[in-house]
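K.L.:
My file is coords30.cif. It has mmCIF, C-alpha atoms and all ligand atoms:
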data_target
loop_
_atom_site.group_PDB
_atom_site.id
_atom_site.type_symbol
_atom_site.label_atom_id
_atom_site.label_comp_id
_atom_site.auth_asym_id
_atom_site.auth_seq_id
_atom_site.Cartn_x
_atom_site.Cartn_y
_atom_site.Cartn_z
ATOM 1 C CA MET A 57 76.668 61.603 16.990
ATOM 2 C CA THR A 58 79.030 61.450 19.934
ATOM 3 C CA ASN A 59 76.160 62.504 22.116
ATOM 4 C CA THR A 60 74.570 59.067 21.737
ATOM 5 C CA LEU A 61 77.666 57.372 23.119
ATOM 6 C CA ASP A 62 77.929 59.860 25.987
ATOM 7 C CA LEU A 63 74.338 59.070 26.933
ATOM 8 C CA ILE A 64 74.993 55.322 26.815
ATOM 9 C CA THR A 65 78.016 55.567 29.102
ATOM 10 C CA GLU A 66 76.742 58.381 31.348
ATOM 11 C CA LYS A 67 75.864 56.078 34.281
ATOM 12 C CA ALA A 68 78.377 53.313 33.595
ATOM 13 C CA HIS A 69 79.992 53.848 37.007
ATOM 14 C CA ILE A 70 76.605 53.475 38.766
ATOM 15 C CA ASN A 71 74.817 50.780 36.772
ATOM 16 C CA THR A 72 77.508 48.195 37.308
ATOM 17 C CA VAL A 73 78.663 45.691 39.925
ATOM 18 C CA HIS A 74 82.341 45.156 40.626
ATOM 19 C CA PRO A 75 83.116 41.426 41.130
ATOM 20 C CA ASN A 76 84.076 42.176 44.762
ATOM 21 C CA ALA A 77 80.635 43.620 45.435
ATOM 22 C CA LEU A 78 78.729 40.420 44.663
ATOM 23 C CA ASN A 79 77.387 38.509 47.608
ATOM 24 C CA TRP A 80 79.611 35.445 47.038
ATOM 25 C CA PRO A 81 78.398 32.397 48.972
ATOM 26 C CA GLU A 82 80.892 29.981 50.482
ATOM 27 C CA LYS A 83 79.340 27.112 48.618
ATOM 28 C CA ILE A 84 76.511 26.631 46.116
ATOM 29 C CA SER A 85 73.696 24.937 48.058
ATOM 30 C CA HIS A 86 71.803 21.773 47.034
ATOM 31 C CA GLU A 87 68.707 23.895 46.795
ATOM 32 C CA GLU A 88 70.423 26.131 44.233
ATOM 33 C CA LEU A 89 71.687 23.129 42.268
ATOM 34 C CA ASN A 90 68.131 21.798 42.114
ATOM 35 C CA HIS A 91 67.026 25.199 40.914
ATOM 36 C CA MET A 92 69.750 25.093 38.244
ATOM 37 C CA SER A 93 68.413 21.714 37.185
ATOM 38 C CA ARG A 94 64.964 23.287 36.731
ATOM 39 C CA LEU A 95 66.492 26.150 34.775
ATOM 40 C CA THR A 96 68.235 23.866 32.331
ATOM 41 C CA PHE A 97 66.449 20.468 32.307
ATOM 42 C CA GLU A 98 63.030 21.673 33.465
ATOM 43 C CA ASP A 99 63.046 19.148 36.310
ATOM 44 C CA GLU A 100 64.992 18.618 39.548
ATOM 45 C CA LEU A 101 66.553 15.343 38.503
ATOM 46 C CA HIS A 102 69.753 16.679 36.934
ATOM 47 C CA PRO A 103 71.597 18.905 39.424
ATOM 48 C CA ARG A 104 75.024 17.513 38.510
ATOM 49 C CA GLU A 105 74.445 17.740 34.754
ATOM 50 C CA ALA A 106 73.155 21.278 35.210
ATOM 51 C CA MET A 107 76.249 22.188 37.241
ATOM 52 C CA VAL A 108 78.565 20.811 34.539
ATOM 53 C CA TYR A 109 76.630 22.577 31.779
ATOM 54 C CA VAL A 110 76.716 25.966 33.516
ATOM 55 C CA THR A 111 80.410 25.480 34.367
ATOM 56 C CA LYS A 112 81.181 24.734 30.734
ATOM 57 C CA GLU A 113 79.162 27.658 29.408
ATOM 58 C CA LEU A 114 80.466 30.308 31.764
ATOM 59 C CA ALA A 115 84.099 29.161 31.546
ATOM 60 C CA GLN A 116 83.790 29.393 27.777
ATOM 61 C CA LEU A 117 82.055 32.772 27.976
ATOM 62 C CA ALA A 118 84.965 34.073 30.063
ATOM 63 C CA GLU A 119 87.308 33.152 27.192
ATOM 64 C CA ILE A 120 85.101 34.973 24.693
ATOM 65 C CA GLU A 121 84.974 38.026 26.944
ATOM 66 C CA LYS A 122 88.769 38.104 27.222
ATOM 67 C CA HIS A 123 88.901 38.060 23.422
ATOM 68 C CA VAL A 124 86.550 41.067 23.248
ATOM 69 C CA THR A 125 88.846 42.964 25.619
ATOM 70 C CA GLY A 126 91.946 42.022 23.618
ATOM 71 C CA VAL A 127 90.462 43.023 20.266
ATOM 72 C CA MET A 128 88.955 46.253 21.629
ATOM 73 C CA SER A 129 92.457 47.245 22.769
ATOM 74 C CA ILE A 130 93.746 46.662 19.246
ATOM 75 C CA VAL A 131 90.900 48.748 17.797
ATOM 76 C CA LEU A 132 91.431 51.557 20.329
ATOM 77 C CA SER A 133 95.128 51.696 19.520
ATOM 78 C CA GLU A 134 94.602 51.667 15.756
ATOM 79 C CA LEU A 135 91.921 54.355 15.937
ATOM 80 C CA GLN A 136 94.675 56.710 17.097
ATOM 81 C CA GLY A 137 95.812 56.795 13.495
ATOM 82 C CA ASP A 138 92.370 57.427 12.031
ATOM 83 C CA ALA A 139 91.600 61.019 11.194
ATOM 84 C CA VAL A 140 89.026 60.255 8.525
ATOM 85 C CA GLN A 141 85.839 59.682 10.471
ATOM 86 C CA SER A 142 84.237 62.343 12.647
ATOM 87 C CA LEU A 143 82.913 59.493 14.827
ATOM 88 C CA ASN A 144 86.441 59.352 16.206
ATOM 89 C CA ASP A 145 86.585 63.010 17.303
ATOM 90 C CA GLY A 146 87.036 63.771 20.984
ATOM 91 C CA HIS A 147 86.929 61.173 23.722
ATOM 92 C CA SER A 148 83.365 59.742 23.457
ATOM 93 C CA LEU A 149 84.090 56.724 21.277
ATOM 94 C CA HIS A 150 87.359 56.035 23.076
ATOM 95 C CA HIS A 151 85.552 56.150 26.420
ATOM 96 C CA ALA A 152 82.652 53.936 25.325
ATOM 97 C CA LEU A 153 84.941 51.253 23.876
ATOM 98 C CA SER A 154 87.280 51.421 26.871
ATOM 99 C CA CYS A 155 84.364 50.867 29.267
ATOM 100 C CA PHE A 156 83.131 47.999 27.085
ATOM 101 C CA ALA A 157 86.583 46.367 27.106
ATOM 102 C CA ALA A 158 87.171 46.866 30.829
ATOM 103 C CA GLU A 159 83.728 45.502 31.726
ATOM 104 C CA GLU A 160 84.273 42.375 29.651
ATOM 105 C CA LEU A 161 87.490 41.656 31.526
ATOM 106 C CA HIS A 162 85.641 42.086 34.828
ATOM 107 C CA HIS A 163 83.005 39.648 33.572
ATOM 108 C CA ALA A 164 85.636 37.114 32.619
ATOM 109 C CA ASN A 165 87.098 37.485 36.098
ATOM 110 C CA MET A 166 83.661 37.150 37.726
ATOM 111 C CA PHE A 167 82.757 34.017 35.746
ATOM 112 C CA TYR A 168 86.219 32.535 36.303
ATOM 113 C CA ARG A 169 85.662 32.751 40.050
ATOM 114 C CA TYR A 170 82.070 31.542 39.823
ATOM 115 C CA VAL A 171 82.957 28.452 37.824
ATOM 116 C CA ARG A 172 85.393 27.386 40.543
ATOM 117 C CA LEU A 173 82.864 27.980 43.273
ATOM 118 C CA LEU A 174 80.129 26.117 41.415
ATOM 119 C CA SER A 175 82.142 23.100 40.300
ATOM 120 C CA GLY A 176 84.468 22.892 43.305
ATOM 121 C CA CYS A 177 87.334 22.367 40.894
ATOM 122 C CA ASP A 178 89.978 24.526 39.187
ATOM 123 C CA PHE A 179 88.466 24.087 35.736
ATOM 124 C CA LYS A 180 91.040 25.230 33.152
ATOM 125 C CA TYR A 181 91.377 24.657 29.439
ATOM 126 C CA ALA A 182 94.558 25.640 27.619
ATOM 127 C CA ASP A 183 93.525 25.070 23.986
ATOM 128 C CA ASN A 184 91.257 28.079 23.955
ATOM 129 C CA LEU A 185 92.267 29.265 20.457
ATOM 130 C CA TYR A 186 93.046 32.744 21.782
ATOM 131 C CA ALA A 187 95.915 33.421 19.368
ATOM 132 C CA GLN A 188 93.851 32.306 16.353
ATOM 133 C CA ARG A 189 90.841 34.341 17.432
ATOM 134 C CA VAL A 190 92.935 37.486 17.934
ATOM 135 C CA ALA A 191 94.886 36.934 14.687
ATOM 136 C CA LEU A 192 91.683 37.612 12.721
ATOM 137 C CA TYR A 193 91.933 41.206 13.964
ATOM 138 C CA GLN A 194 95.669 41.764 13.528
ATOM 139 C CA GLY A 195 95.694 42.275 9.767
ATOM 140 C CA ASP A 196 95.789 45.600 7.934
ATOM 141 C CA ASP A 197 91.997 46.006 7.773
ATOM 142 C CA SER A 198 90.678 49.352 8.942
ATOM 143 C CA PRO A 199 89.921 49.543 12.678
ATOM 144 C CA TRP A 200 86.294 50.361 11.765
ATOM 145 C CA ILE A 201 85.933 47.016 10.011
ATOM 146 C CA LYS A 202 87.493 45.279 13.003
ATOM 147 C CA LEU A 203 85.224 47.132 15.422
ATOM 148 C CA ALA A 204 82.105 46.301 13.425
ATOM 149 C CA ALA A 205 83.056 42.627 13.064
ATOM 150 C CA LEU A 206 83.770 42.329 16.772
ATOM 151 C CA CYS A 207 80.480 43.989 17.750
ATOM 152 C CA CYS A 208 78.468 41.774 15.366
ATOM 153 C CA SER A 209 80.041 38.665 16.857
ATOM 154 C CA ALA A 210 79.739 39.849 20.476
ATOM 155 C CA TYR A 211 76.105 40.820 19.842
ATOM 156 C CA ILE A 212 75.096 37.195 19.202
ATOM 157 C CA GLY A 213 76.469 35.924 22.516
ATOM 158 C CA GLU A 214 75.201 38.990 24.356
ATOM 159 C CA SER A 215 71.694 38.426 22.990
ATOM 160 C CA VAL A 216 71.703 34.731 23.922
ATOM 161 C CA ILE A 217 72.895 35.364 27.489
ATOM 162 C CA THR A 218 70.274 38.112 27.851
ATOM 163 C CA VAL A 219 67.556 35.564 27.051
ATOM 164 C CA PHE A 220 69.039 33.296 29.763
ATOM 165 C CA GLU A 221 69.199 36.153 32.224
ATOM 166 C CA HIS A 222 65.490 36.806 31.645
ATOM 167 C CA ARG A 223 64.718 33.126 32.266
ATOM 168 C CA CYS A 224 66.735 33.221 35.490
ATOM 169 C CA THR A 225 64.891 36.296 36.719
ATOM 170 C CA ALA A 226 61.487 34.866 35.778
ATOM 171 C CA LEU A 227 62.150 31.619 37.688
ATOM 172 C CA ASP A 228 63.672 33.422 40.681
ATOM 173 C CA PRO A 229 61.903 36.777 40.955
ATOM 174 C CA GLU A 230 63.147 37.283 44.518
ATOM 175 C CA ARG A 231 66.776 36.886 43.375
ATOM 176 C CA LYS A 232 67.244 34.257 46.053
ATOM 177 C CA PHE A 233 69.792 32.279 44.079
ATOM 178 C CA PHE A 234 73.316 33.451 43.363
ATOM 179 C CA ILE A 235 73.116 32.547 39.671
ATOM 180 C CA THR A 236 70.328 35.125 39.270
ATOM 181 C CA GLN A 237 72.348 37.795 41.079
ATOM 182 C CA LEU A 238 75.396 36.988 38.981
ATOM 183 C CA LEU A 239 73.614 37.142 35.629
ATOM 184 C CA GLU A 240 71.765 40.317 36.562
ATOM 185 C CA ALA A 241 75.026 41.986 37.604
ATOM 186 C CA HIS A 242 76.477 40.943 34.271
ATOM 187 C CA GLY A 243 73.363 42.197 32.470
ATOM 188 C CA LEU A 244 73.751 45.746 33.803
ATOM 189 C CA ASP A 245 76.900 46.168 31.714
ATOM 190 C CA GLU A 246 75.566 44.099 28.844
ATOM 191 C CA ALA A 247 72.634 46.482 28.371
ATOM 192 C CA ARG A 248 75.189 49.177 27.489
ATOM 193 C CA HIS A 249 77.188 46.838 25.269
ATOM 194 C CA ILE A 250 74.047 46.112 23.280
ATOM 195 C CA GLN A 251 73.474 49.840 22.839
ATOM 196 C CA ILE A 252 77.049 50.309 21.676
ATOM 197 C CA ASP A 253 76.601 47.402 19.235
ATOM 198 C CA HIS A 254 73.435 49.066 17.952
ATOM 199 C CA TYR A 255 75.326 52.360 17.613
ATOM 200 C CA VAL A 256 77.943 50.586 15.491
ATOM 201 C CA PHE A 257 75.172 48.996 13.390
ATOM 202 C CA ASP A 258 73.544 52.408 12.862
ATOM 203 C CA GLU A 259 76.537 54.702 12.512
ATOM 204 C CA VAL A 260 79.585 52.720 11.429
ATOM 205 C CA ILE A 261 78.428 49.867 9.201
ATOM 206 C CA PRO A 262 76.238 52.000 6.877
ATOM 207 C CA ARG A 263 79.404 53.951 5.922
ATOM 208 C CA PHE A 264 81.080 50.834 4.522
ATOM 209 C CA ASN A 265 81.280 50.248 0.793
ATOM 210 C CA GLU A 266 80.454 46.804 -0.586
ATOM 211 C CA ALA A 267 83.988 45.476 -0.305
ATOM 212 C CA GLU A 268 84.314 46.670 3.292
ATOM 213 C CA LEU A 269 80.989 45.093 4.219
ATOM 214 C CA ARG A 270 82.064 41.835 2.623
ATOM 215 C CA ARG A 271 85.365 41.901 4.500
ATOM 216 C CA MET A 272 83.586 42.640 7.772
ATOM 217 C CA LYS A 273 81.296 39.641 7.238
ATOM 218 C CA GLN A 274 84.294 37.443 6.467
ATOM 219 C CA ILE A 275 85.863 38.328 9.805
ATOM 220 C CA VAL A 276 82.538 37.826 11.627
ATOM 221 C CA ASN A 277 82.055 34.410 10.057
ATOM 222 C CA ALA A 278 85.620 33.380 10.849
ATOM 223 C CA THR A 279 85.169 34.555 14.450
ATOM 224 C CA GLU A 280 81.912 32.642 14.785
ATOM 225 C CA GLU A 281 83.497 29.508 13.313
ATOM 226 C CA LEU A 282 86.272 29.651 15.903
ATOM 227 C CA ASN A 283 83.730 30.354 18.654
ATOM 228 C CA THR A 284 81.794 27.251 17.590
ATOM 229 C CA GLU A 285 84.994 25.205 17.660
ATOM 230 C CA LEU A 286 85.753 26.646 21.100
ATOM 231 C CA SER A 287 82.317 25.646 22.319
ATOM 232 C CA MET A 288 82.766 22.065 21.116
ATOM 233 C CA ARG A 289 86.195 21.842 22.733
ATOM 234 C CA PHE A 290 84.876 23.157 26.035
ATOM 235 C CA GLY A 291 81.982 20.706 25.836
ATOM 236 C CA LYS A 292 84.334 17.773 25.357
ATOM 237 C CA HIS A 293 86.677 18.976 28.085
ATOM 238 C CA ALA A 294 83.819 19.439 30.574
ATOM 239 C CA ALA A 295 82.292 16.035 29.769
ATOM 240 C CA GLU A 296 85.688 14.381 30.311
ATOM 241 C CA THR A 297 86.676 16.350 33.404
ATOM 242 C CA PHE A 298 83.429 15.570 35.213
ATOM 243 C CA SER A 299 82.668 12.212 33.480
ATOM 244 C CA CYS A 300 79.227 13.564 32.792
ATOM 245 C CA ASP A 301 76.880 13.695 29.814
ATOM 246 C CA PHE A 302 75.289 17.092 30.345
ATOM 247 C CA ALA A 303 73.808 17.363 26.850
ATOM 248 C CA ALA A 304 71.116 14.652 26.689
ATOM 249 C CA GLY A 305 67.723 16.101 27.561
ATOM 250 C CA ASN A 306 69.228 19.521 28.293
ATOM 251 C CA LYS A 307 66.475 21.912 27.236
ATOM 252 C CA ALA A 308 68.541 25.045 27.919
ATOM 253 C CA MET A 309 71.395 23.766 25.812
ATOM 254 C CA GLN A 310 69.086 22.900 22.911
ATOM 255 C CA THR A 311 67.524 26.355 23.101
ATOM 256 C CA GLN A 312 70.914 27.999 23.317
ATOM 257 C CA ILE A 313 72.136 26.275 20.141
ATOM 258 C CA GLU A 314 68.877 27.070 18.370
ATOM 259 C CA LEU A 315 69.001 30.747 19.371
ATOM 260 C CA THR A 316 72.677 31.141 18.473
ATOM 261 C CA LEU A 317 72.088 29.799 14.952
ATOM 262 C CA LEU A 318 68.900 31.810 14.584
ATOM 263 C CA PHE A 319 70.451 35.084 15.771
ATOM 264 C CA ARG A 320 73.463 34.642 13.496
ATOM 265 C CA GLU A 321 71.182 34.142 10.535
ATOM 266 C CA LEU A 322 68.919 37.065 11.449
ATOM 267 C CA VAL A 323 71.673 39.547 12.338
ATOM 268 C CA PHE A 324 74.238 39.077 9.579
ATOM 269 C CA GLY A 325 72.919 36.298 7.344
ATOM 270 C CA GLY A 326 71.122 38.680 4.998
ATOM 271 C CA GLU A 327 72.161 41.745 3.021
ATOM 272 C CA GLY A 328 72.547 44.295 5.784
ATOM 273 C CA ILE A 329 72.815 43.980 9.556
ATOM 274 C CA GLN A 330 69.681 43.555 11.664
ATOM 275 C CA LYS A 331 68.875 44.028 15.333
ATOM 276 C CA VAL A 332 67.450 40.869 16.897
ATOM 277 C CA ASP A 333 64.174 42.180 18.264
ATOM 278 C CA ALA A 334 63.271 43.824 14.960
ATOM 279 C CA ALA A 335 64.222 40.744 12.949
ATOM 280 C CA LEU A 336 62.309 38.034 14.884
ATOM 281 C CA ASP A 337 59.117 36.801 13.257
ATOM 282 C CA GLU A 338 56.116 35.742 15.338
ATOM 283 C CA VAL A 339 57.107 32.082 15.636
ATOM 284 C CA GLN A 340 60.670 32.970 16.609
ATOM 285 C CA GLN A 341 59.449 35.507 19.104
ATOM 286 C CA LYS A 342 57.248 32.829 20.670
ATOM 287 C CA LEU A 343 60.276 30.563 21.065
ATOM 288 C CA VAL A 344 62.114 33.336 22.922
ATOM 289 C CA GLU A 345 59.074 34.145 25.036
ATOM 290 C CA ASN A 346 58.358 30.531 26.011
ATOM 291 C CA PHE A 347 61.901 30.158 27.266
ATOM 292 C CA SER A 348 62.538 33.549 28.854
ATOM 293 C CA TYR A 349 59.007 34.625 29.842
ATOM 294 C CA GLN A 350 59.733 37.979 28.248
ATOM 295 C CA GLN A 351 58.581 39.235 24.883
ATOM 296 C CA HIS A 352 61.557 41.421 24.041
ATOM 297 C CA ILE A 353 65.197 40.494 24.294
ATOM 298 C CA HIS A 354 66.727 43.940 24.590
ATOM 299 C CA THR A 355 64.809 46.440 26.633
ATOM 300 C CA GLN A 356 66.064 49.910 27.419
ATOM 301 C CA LYS A 357 67.292 49.783 31.009
ATOM 302 C CA LEU A 358 69.834 52.544 30.887
ATOM 303 C CA ALA A 359 67.879 55.435 32.236
ATOM 304 C CA GLY A 360 67.918 56.154 35.944
HETATM 305 FE FE FE B 1 80.108 40.141 29.329
HETATM 306 FE FE FE B 2 79.250 42.297 26.638
#
Take the structure from the file and write it as structure tokens.
P.N.:
Amino acid sequence: MTNTLDLITEKAHINTVHPNALNWPEKISHEELNHMSRLTFEDELHPREAMVYVTKELAQLAEIEKHVTGVMSIVLSELQGDAVQSLNDGHSLHHALSCFAAEELHHANMFYRYVRLLSGCDFKYADNLYAQRVALYQGDDSPWIKLAALCCSAYIGESVITVFEHRCTALDPERKFFITQLLEAHGLDEARHIQIDHYVFDEVIPRFNEAELRRMKQIVNATEELNTELSMRFGKHAAETFSCDFAAGNKAMQTQIELTLLFRELVFGGEGIQKVDAALDEVQQKLVENFSYQQHIHTQKLAG
């Protein structure tokens, strides 16, 4: 079993981009803002709205990533006391989760910097519900339940941003724009996170009894509720900060909401836990394909 995790993390030091290594521009050009308008509104008439929308989304994502790091640290610490599951033998699981946690903090750092570059303002939001979101994972539940709940929740956001990354690449195949470079750098790590999520779906969750599964779903639902609240708060804060309605006519935002609700329903709305690509029906797959120009959401890009 541990072999799977070792294979996932084998090239983690190569298939990654440190925030310092990105080719940070001094300023985001008008041409790139027009491109961002095409990405989100499907025309070039909304560069400012597109800027505010991307600022809001990535600032909020940075908060969610910091939460993943915080909760992973709790799980890693509590797993020290778990001698029951062979999955915890040796260093493989510890290493995989540590890489996951460290990468998410790098992402938060990368997006934090990007948001300031893009918006030209020190966009901060204090009421980020961090304490409430972490509190869900500070009870006496087993660390396996906490790990599974965290991965289920992270998996939704990771799947949605992967669809956006594919759209960015499709509309900028030469990677001329910084947003494409940024999301692709992020996606290198995310491809491993998805595989770790899938590992947890395959190896950890099936060992739960009914009560444990129910408890895991409770924590996932509570996390997702707080994430939704966070999203609304960030939306309001961004609209006020920039005096800008970025939502009306925003095709990317509509798709994002639609995909988030759909993925939640598909992944943990039923009896067991599903992987997104396997769970999409033809109509849903078409929706993903029309937006991202790619048939599959999660492709294997670990080898090499
Ligand atoms: Fe991330
Ligand atoms: Fe991730």
K.L.:
Using the chain letters and numbers from the file, give me the residues hit by the PyMOL selection byres (((chain A and resi 291) around 10) and not hetatm), as a list in words.
P.N.:
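Checking the PyMOL selection byres (((chain A and resi 291) around 10) and not hetatm) against this file, the residues are Val108, Tyr109, Thr111, Lys112, Glu113, Gln116, Glu285, Leu286, Ser287, Met288, Arg289, Phe290, Lys292, His293, Ala294, Ala295, Glu296, Thr297, Asp301, Phe302 and Ala303 of chain A.
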K.L.:
Can you tell me how far atom CA of A:Glu259 sits from atom CA of A:Tyr186, in Å to one decimal?
P.N.:
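Separating atom CA of A:Glu259 from atom CA of A:Tyr186 is a distance of 29.0 Å.
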K.L.:
Using the chain letters and residue numbers of this document, give as a list in words the residues selected by the PyMOL selection byres (((not hetatm)) within 9 of (chain B and resi 1)).
P.N.:
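Here the PyMOL selection byres (((not hetatm)) within 9 of (chain B and resi 1)) matches Leu117, Ala118, Ile120, Glu121, Val124, Phe156, Glu159, Glu160, Leu161, His162, His163, Ala164, Ala210, Gly213, Glu214, Ile217, His242, Gly243, Asp245, Glu246 and His249 of chain A.
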K.L.:
Could you expand the PyMOL selection byres (((chain A and resi 64-78) around 8) and not hetatm) into the explicit residues it covers here, written as a PDB file with C-alpha atoms, in the coordinates of the input?
P.N.:
ATOM      1  CA  THR A  60      74.570  59.067  21.737  1.00  0.00           C
ATOM      2  CA  LEU A  61      77.666  57.372  23.119  1.00  0.00           C
ATOM      3  CA  ASP A  62      77.929  59.860  25.987  1.00  0.00           C
ATOM      4  CA  LEU A  63      74.338  59.070  26.933  1.00  0.00           C
ATOM      5  CA  ASN A  79      77.387  38.509  47.608  1.00  0.00           C
ATOM      6  CA  TRP A  80      79.611  35.445  47.038  1.00  0.00           C
ATOM      7  CA  ALA A 152      82.652  53.936  25.325  1.00  0.00           C
ATOM      8  CA  CYS A 155      84.364  50.867  29.267  1.00  0.00           C
ATOM      9  CA  HIS A 162      85.641  42.086  34.828  1.00  0.00           C
ATOM     10  CA  HIS A 163      83.005  39.648  33.572  1.00  0.00           C
ATOM     11  CA  ASN A 165      87.098  37.485  36.098  1.00  0.00           C
ATOM     12  CA  MET A 166      83.661  37.150  37.726  1.00  0.00           C
ATOM     13  CA  GLN A 237      72.348  37.795  41.079  1.00  0.00           C
ATOM     14  CA  LEU A 238      75.396  36.988  38.981  1.00  0.00           C
ATOM     15  CA  ALA A 241      75.026  41.986  37.604  1.00  0.00           C
ATOM     16  CA  HIS A 242      76.477  40.943  34.271  1.00  0.00           C
ATOM     17  CA  LEU A 244      73.751  45.746  33.803  1.00  0.00           C
ATOM     18  CA  ASP A 245      76.900  46.168  31.714  1.00  0.00           C
ATOM     19  CA  ARG A 248      75.189  49.177  27.489  1.00  0.00           C
ATOM     20  CA  GLN A 251      73.474  49.840  22.839  1.00  0.00           C
ATOM     21  CA  ILE A 252      77.049  50.309  21.676  1.00  0.00           C
ATOM     22  CA  LEU A 358      69.834  52.544  30.887  1.00  0.00           C
TER      23      LEU A 358
END
K.L.:
From the options A:Ala139, A:Leu153, A:Leu114, A:Cys224, which residue's atoms come nearest to A:Lys180, counting all atoms listed in the file?
P.N.:
A:Leu114
